Amino acid sequence: MRFLAVVNPAAGGGRCGKESPGAIQRLEDAGLEVEVVETSGPGEASEIVRKAYAKGQRRFLAVGGDGTGYELVNGMFPAALQDEGDPPQLGFLPLGTGNSFLRDFMSPGDKDGASHALGALLERRTRTVDVVRIEHDQGENFYINLFAIGFAADVNSRAARYKNWGEFGYVGSVVAETLGLAPRSFPRREDDGAWNETPAAFISICNSKFTGGTMMMAPDADTSDGRVDVIHVGAMGRIGLLRAFPKIFEGKHLDLEVVHASQSERVEFNLPGPTNIMLDGEALYVQPKVIEVLPSALQVYV
């Protein structure tokens with residue numbers, strides 16, 4: 001049970017750097033062998049994992065926030081697709097800001113994702129889940145939580161420029177994007193269906209239920225069903241969006257006529273050029289082309 005733990009000490013406003021040594025010590029006391037590597041900047045975790053994977057490492061531990069998990073997944077893939085044996089393993093110590101992916105597996109009312117994740121590792125609780133691949137004009141990326149385009153991605157992209165402002169920067173980004181809200185068409189085709197050019201405030205393509213910690217964007221999503229849940233939030237004004245927003249926390253936004261949900265194995269886009277997208281909380285500016293599910297490609301400790 002040898003893990004490579006990739007630690008982002010800056011995650012959670014420095015919380016991760018302070019609390020990760022004690023959490024890792026508990027794992028070692030329980031008989032897990034843990035090699036620890038700390039990161040100092042964006043993208044470094046992916047490169048660390050990529051090199052370790054090439055040398056035969058197959059068990060990894062993401063110590064940080066959702067962004068740390070995202071980077072580890074993109075370090076394992078696409079190389080993991082060439083393996084003929086069991087899928088690689090990923091555990092979490094969510095000591096950052098968010099733990100959206102883990103929330104799918106937590107008990108109702110359980111707010112401590114770190115304790116849940118630590119328990120999964122100590123008890124060796126594993127589950128095989130899907131990974132989602134996105135092809136775009138600059139290459140490809142992989143995610144396990146969700147993709148978003150439109151309003152949600154625009155807010156995330158703006159907020160990424162004001163990370164040092166903390167919560168105020170995010171709230172300010174929401175206000176700014178709401179004031180400039182303009183539904184757009186994002187032509188897409190699901191599986192072998194017809195092209196859909198219906199204007200949308202935003203579209204989320206989800207592998208798991210939650211985003212932003214506690215927002216239940218895709219309440220019917222299943223991380224191991226070989227499909228993504230496509231949530232199309234149609235054209236709405238600023239007031240309509242603000243009224244609909246609280247419903248997301250209970251998944252009741254799907255009851256609105258302007259919201260449409262479907263499930264697919266593959267989604268194809270036909271966009272004229274690059275745009276803001278969000279992948280597991282990370283902001284990219286690319287031209288998305290194809291999103292496809294890689295069934296049972298990863299084993300997670302949950």
# chains A, B, ... in the order shown; residues from 1 in each chain; ligands from 1

$ select_by_dssp --residues "segment 15-252 of chain A" --states "alpha helix (DSSP H)" --output "PyMOL selection string"
chain A and resi 15-29+44-54+66-76+100-103+113-122+151-160+167-179+238-244

$ residues_around --residues "Asn196 of chain A" --least-positions-apart "5" --cutoff "7 Å" --atoms "only C-alpha atoms" --output "list in words"
Pro187, Arg188 and Arg189 of chain A

$ residues_around --residues "Glu250 of chain A" --least-positions-apart "3" --cutoff "12 Å" --atoms "only C-alpha atoms" --output "PDB file with N, CA and C atoms, in the first residue's frame"
ATOM      1  N   LYS A 209     -22.523  14.464  -8.838  1.00  0.00           N
ATOM      2  CA  LYS A 209     -23.705  15.259  -8.508  1.00  0.00           C
ATOM      3  C   LYS A 209     -23.394  16.713  -8.164  1.00  0.00           C
ATOM      4  N   PHE A 210     -22.317  16.939  -7.408  1.00  0.00           N
ATOM      5  CA  PHE A 210     -22.118  18.232  -6.772  1.00  0.00           C
ATOM      6  C   PHE A 210     -21.063  19.087  -7.467  1.00  0.00           C
ATOM      7  N   THR A 211     -21.192  20.392  -7.274  1.00  0.00           N
ATOM      8  CA  THR A 211     -20.178  21.352  -7.701  1.00  0.00           C
ATOM      9  C   THR A 211     -20.147  22.467  -6.663  1.00  0.00           C
ATOM     10  N   THR A 214     -21.413  22.265  -2.296  1.00  0.00           N
ATOM     11  CA  THR A 214     -22.735  21.773  -1.895  1.00  0.00           C
ATOM     12  C   THR A 214     -23.831  22.014  -2.920  1.00  0.00           C
ATOM     13  N   MET A 215     -23.515  22.520  -4.099  1.00  0.00           N
ATOM     14  CA  MET A 215     -24.541  22.729  -5.123  1.00  0.00           C
ATOM     15  C   MET A 215     -24.784  21.423  -5.887  1.00  0.00           C
ATOM     16  N   MET A 216     -26.012  20.919  -5.824  1.00  0.00           N
ATOM     17  CA  MET A 216     -26.346  19.653  -6.452  1.00  0.00           C
ATOM     18  C   MET A 216     -26.756  19.898  -7.908  1.00  0.00           C
ATOM     19  N   MET A 217     -25.752  20.142  -8.735  1.00  0.00           N
ATOM     20  CA  MET A 217     -26.004  20.492 -10.127  1.00  0.00           C
ATOM     21  C   MET A 217     -26.682  19.364 -10.891  1.00  0.00           C
ATOM     22  N   ALA A 218     -26.239  18.119 -10.649  1.00  0.00           N
ATOM     23  CA  ALA A 218     -26.778  16.966 -11.388  1.00  0.00           C
ATOM     24  C   ALA A 218     -27.223  15.902 -10.391  1.00  0.00           C
ATOM     25  N   PRO A 219     -28.410  16.041  -9.805  1.00  0.00           N
ATOM     26  CA  PRO A 219     -28.845  15.139  -8.730  1.00  0.00           C
ATOM     27  C   PRO A 219     -28.977  13.683  -9.131  1.00  0.00           C
ATOM     28  N   ASP A 220     -29.099  13.395 -10.434  1.00  0.00           N
ATOM     29  CA  ASP A 220     -29.251  12.015 -10.877  1.00  0.00           C
ATOM     30  C   ASP A 220     -27.947  11.411 -11.401  1.00  0.00           C
ATOM     31  N   ALA A 244     -33.565  31.387  -9.457  1.00  0.00           N
ATOM     32  CA  ALA A 244     -33.351  29.947  -9.650  1.00  0.00           C
ATOM     33  C   ALA A 244     -32.151  29.436  -8.858  1.00  0.00           C
ATOM     34  N   PHE A 245     -31.197  30.310  -8.605  1.00  0.00           N
ATOM     35  CA  PHE A 245     -29.933  29.870  -8.005  1.00  0.00           C
ATOM     36  C   PHE A 245     -30.097  29.079  -6.702  1.00  0.00           C
ATOM     37  N   PRO A 246     -30.911  29.531  -5.735  1.00  0.00           N
ATOM     38  CA  PRO A 246     -31.018  28.764  -4.482  1.00  0.00           C
ATOM     39  C   PRO A 246     -31.522  27.343  -4.665  1.00  0.00           C
ATOM     40  N   LYS A 247     -32.267  27.081  -5.743  1.00  0.00           N
ATOM     41  CA  LYS A 247     -32.812  25.746  -5.970  1.00  0.00           C
ATOM     42  C   LYS A 247     -31.718  24.714  -6.261  1.00  0.00           C
ATOM     43  N   HIS A 253     -33.639  22.778  -9.213  1.00  0.00           N
ATOM     44  CA  HIS A 253     -33.627  23.585 -10.440  1.00  0.00           C
ATOM     45  C   HIS A 253     -34.083  22.769 -11.643  1.00  0.00           C
ATOM     46  N   LEU A 254     -33.996  21.424 -11.531  1.00  0.00           N
ATOM     47  CA  LEU A 254     -34.448  20.573 -12.639  1.00  0.00           C
ATOM     48  C   LEU A 254     -35.958  20.637 -12.828  1.00  0.00           C
ATOM     49  N   ASP A 255     -36.668  21.155 -11.824  1.00  0.00           N
ATOM     50  CA  ASP A 255     -38.120  21.287 -11.941  1.00  0.00           C
ATOM     51  C   ASP A 255     -38.527  22.479 -12.809  1.00  0.00           C
TER      52      ASP A 255
END

$ closest_atom_pairs --of "segment 131-177 of chain A" --to "segment 296-299 of chain A" --cutoff "12 Å" --atoms "only C-alpha atoms" --output "JSON lines"
{"residue": "A:Val131", "atom": "CA", "partner": "A:Ala297", "partner_atom": "CA", "distance": 5.8}
{"residue": "A:Val132", "atom": "CA", "partner": "A:Ala297", "partner_atom": "CA", "distance": 9.1}
{"residue": "A:Arg133", "atom": "CA", "partner": "A:Ala297", "partner_atom": "CA", "distance": 10.8}
{"residue": "A:Phe142", "atom": "CA", "partner": "A:Ala297", "partner_atom": "CA", "distance": 11.0}
{"residue": "A:Tyr143", "atom": "CA", "partner": "A:Leu298", "partner_atom": "CA", "distance": 11.0}
{"residue": "A:Ile144", "atom": "CA", "partner": "A:Leu298", "partner_atom": "CA", "distance": 9.3}

$ residues_around --residues "Ser157 of chain A" --least-positions-apart "5" --cutoff "9 Å" --atoms "only C-alpha atoms" --output "PyMOL selection string"
chain A and resi 152+173+276-278+282-285

$ write_last_selection --atoms "N, CA and C atoms" --output "PDB file, in the first residue's frame"
ATOM      1  N   ALA A 152     -21.606  29.994 -15.820  1.00  0.00           N
ATOM      2  CA  ALA A 152     -20.830  29.391 -14.736  1.00  0.00           C
ATOM      3  C   ALA A 152     -19.334  29.427 -15.034  1.00  0.00           C
ATOM      4  N   SER A 173     -17.353  38.577  -8.884  1.00  0.00           N
ATOM      5  CA  SER A 173     -17.401  37.984 -10.223  1.00  0.00           C
ATOM      6  C   SER A 173     -18.817  37.557 -10.582  1.00  0.00           C
ATOM      7  N   ASN A 276     -14.555  30.507 -22.630  1.00  0.00           N
ATOM      8  CA  ASN A 276     -14.270  30.074 -21.255  1.00  0.00           C
ATOM      9  C   ASN A 276     -14.957  28.745 -20.978  1.00  0.00           C
ATOM     10  N   ILE A 277     -14.226  27.818 -20.361  1.00  0.00           N
ATOM     11  CA  ILE A 277     -14.836  26.594 -19.851  1.00  0.00           C
ATOM     12  C   ILE A 277     -14.306  26.365 -18.437  1.00  0.00           C
ATOM     13  N   MET A 278     -15.020  25.564 -17.692  1.00  0.00           N
ATOM     14  CA  MET A 278     -14.578  25.179 -16.357  1.00  0.00           C
ATOM     15  C   MET A 278     -14.489  23.667 -16.285  1.00  0.00           C
ATOM     16  N   GLU A 282     -11.323  24.420 -12.483  1.00  0.00           N
ATOM     17  CA  GLU A 282     -10.203  25.075 -13.146  1.00  0.00           C
ATOM     18  C   GLU A 282     -10.690  25.832 -14.377  1.00  0.00           C
ATOM     19  N   ALA A 283     -10.128  27.014 -14.627  1.00  0.00           N
ATOM     20  CA  ALA A 283     -10.541  27.868 -15.740  1.00  0.00           C
ATOM     21  C   ALA A 283      -9.633  27.663 -16.942  1.00  0.00           C
ATOM     22  N   LEU A 284     -10.237  27.353 -18.108  1.00  0.00           N
ATOM     23  CA  LEU A 284      -9.509  27.217 -19.360  1.00  0.00           C
ATOM     24  C   LEU A 284     -10.188  28.069 -20.420  1.00  0.00           C
ATOM     25  N   TYR A 285      -9.417  28.490 -21.404  1.00  0.00           N
ATOM     26  CA  TYR A 285      -9.960  29.227 -22.543  1.00  0.00           C
ATOM     27  C   TYR A 285      -9.585  28.441 -23.796  1.00  0.00           C
TER      28      TYR A 285
END

$ closest_residue --among "A:Val155, A:Phe186, A:Glu135, A:Leu122" --to "Gly169 of chain A" --atoms "only C-alpha atoms"
A:Val155

$ residues_around --residues "segment 267-270 of chain A" --least-positions-apart "5" --cutoff "7 Å" --atoms "only C-alpha atoms" --output "tab-separated table (two decimals) with C-alpha atoms, in the first residue's frame"
chain	number	residue	atom	x	y	z
A	187	PRO	CA	-24.21	23.97	-30.68
A	188	ARG	CA	-23.85	20.40	-29.45
A	189	ARG	CA	-24.87	16.87	-30.37
A	190	GLU	CA	-25.36	14.11	-27.80
A	191	ASP	CA	-24.44	10.60	-28.95
A	288	PRO	CA	-14.17	22.32	-26.93
A	289	LYS	CA	-14.79	19.64	-29.56
A	290	VAL	CA	-15.69	16.28	-28.00
A	291	ILE	CA	-16.50	15.07	-24.49
A	292	GLU	CA	-16.57	11.30	-23.96

$ closest_atom_pairs --of "segment 4-117 of chain A" --to "segment 222-243 of chain A" --cutoff "10 Å" --atoms "only C-alpha atoms" --output "JSON lines"
{"residue": "A:Phe101", "atom": "CA", "partner": "A:Thr223", "partner_atom": "CA", "distance": 9.3}
{"residue": "A:Asp104", "atom": "CA", "partner": "A:Thr223", "partner_atom": "CA", "distance": 8.5}
{"residue": "A:Phe105", "atom": "CA", "partner": "A:Thr223", "partner_atom": "CA", "distance": 9.9}

$ atom_distance --atom1 "atom CA of Leu256 of chain A" --atom2 "atom CA of Val129 of chain A"
29.7 Å

$ select_by_dssp --residues "segment 107-228 of chain A" --states "strand (DSSP E or B)" --output "MDAnalysis selection string"
chainID A and resid 126:136 139:143 146:150 184 188:190 196 200:206 211 215 228
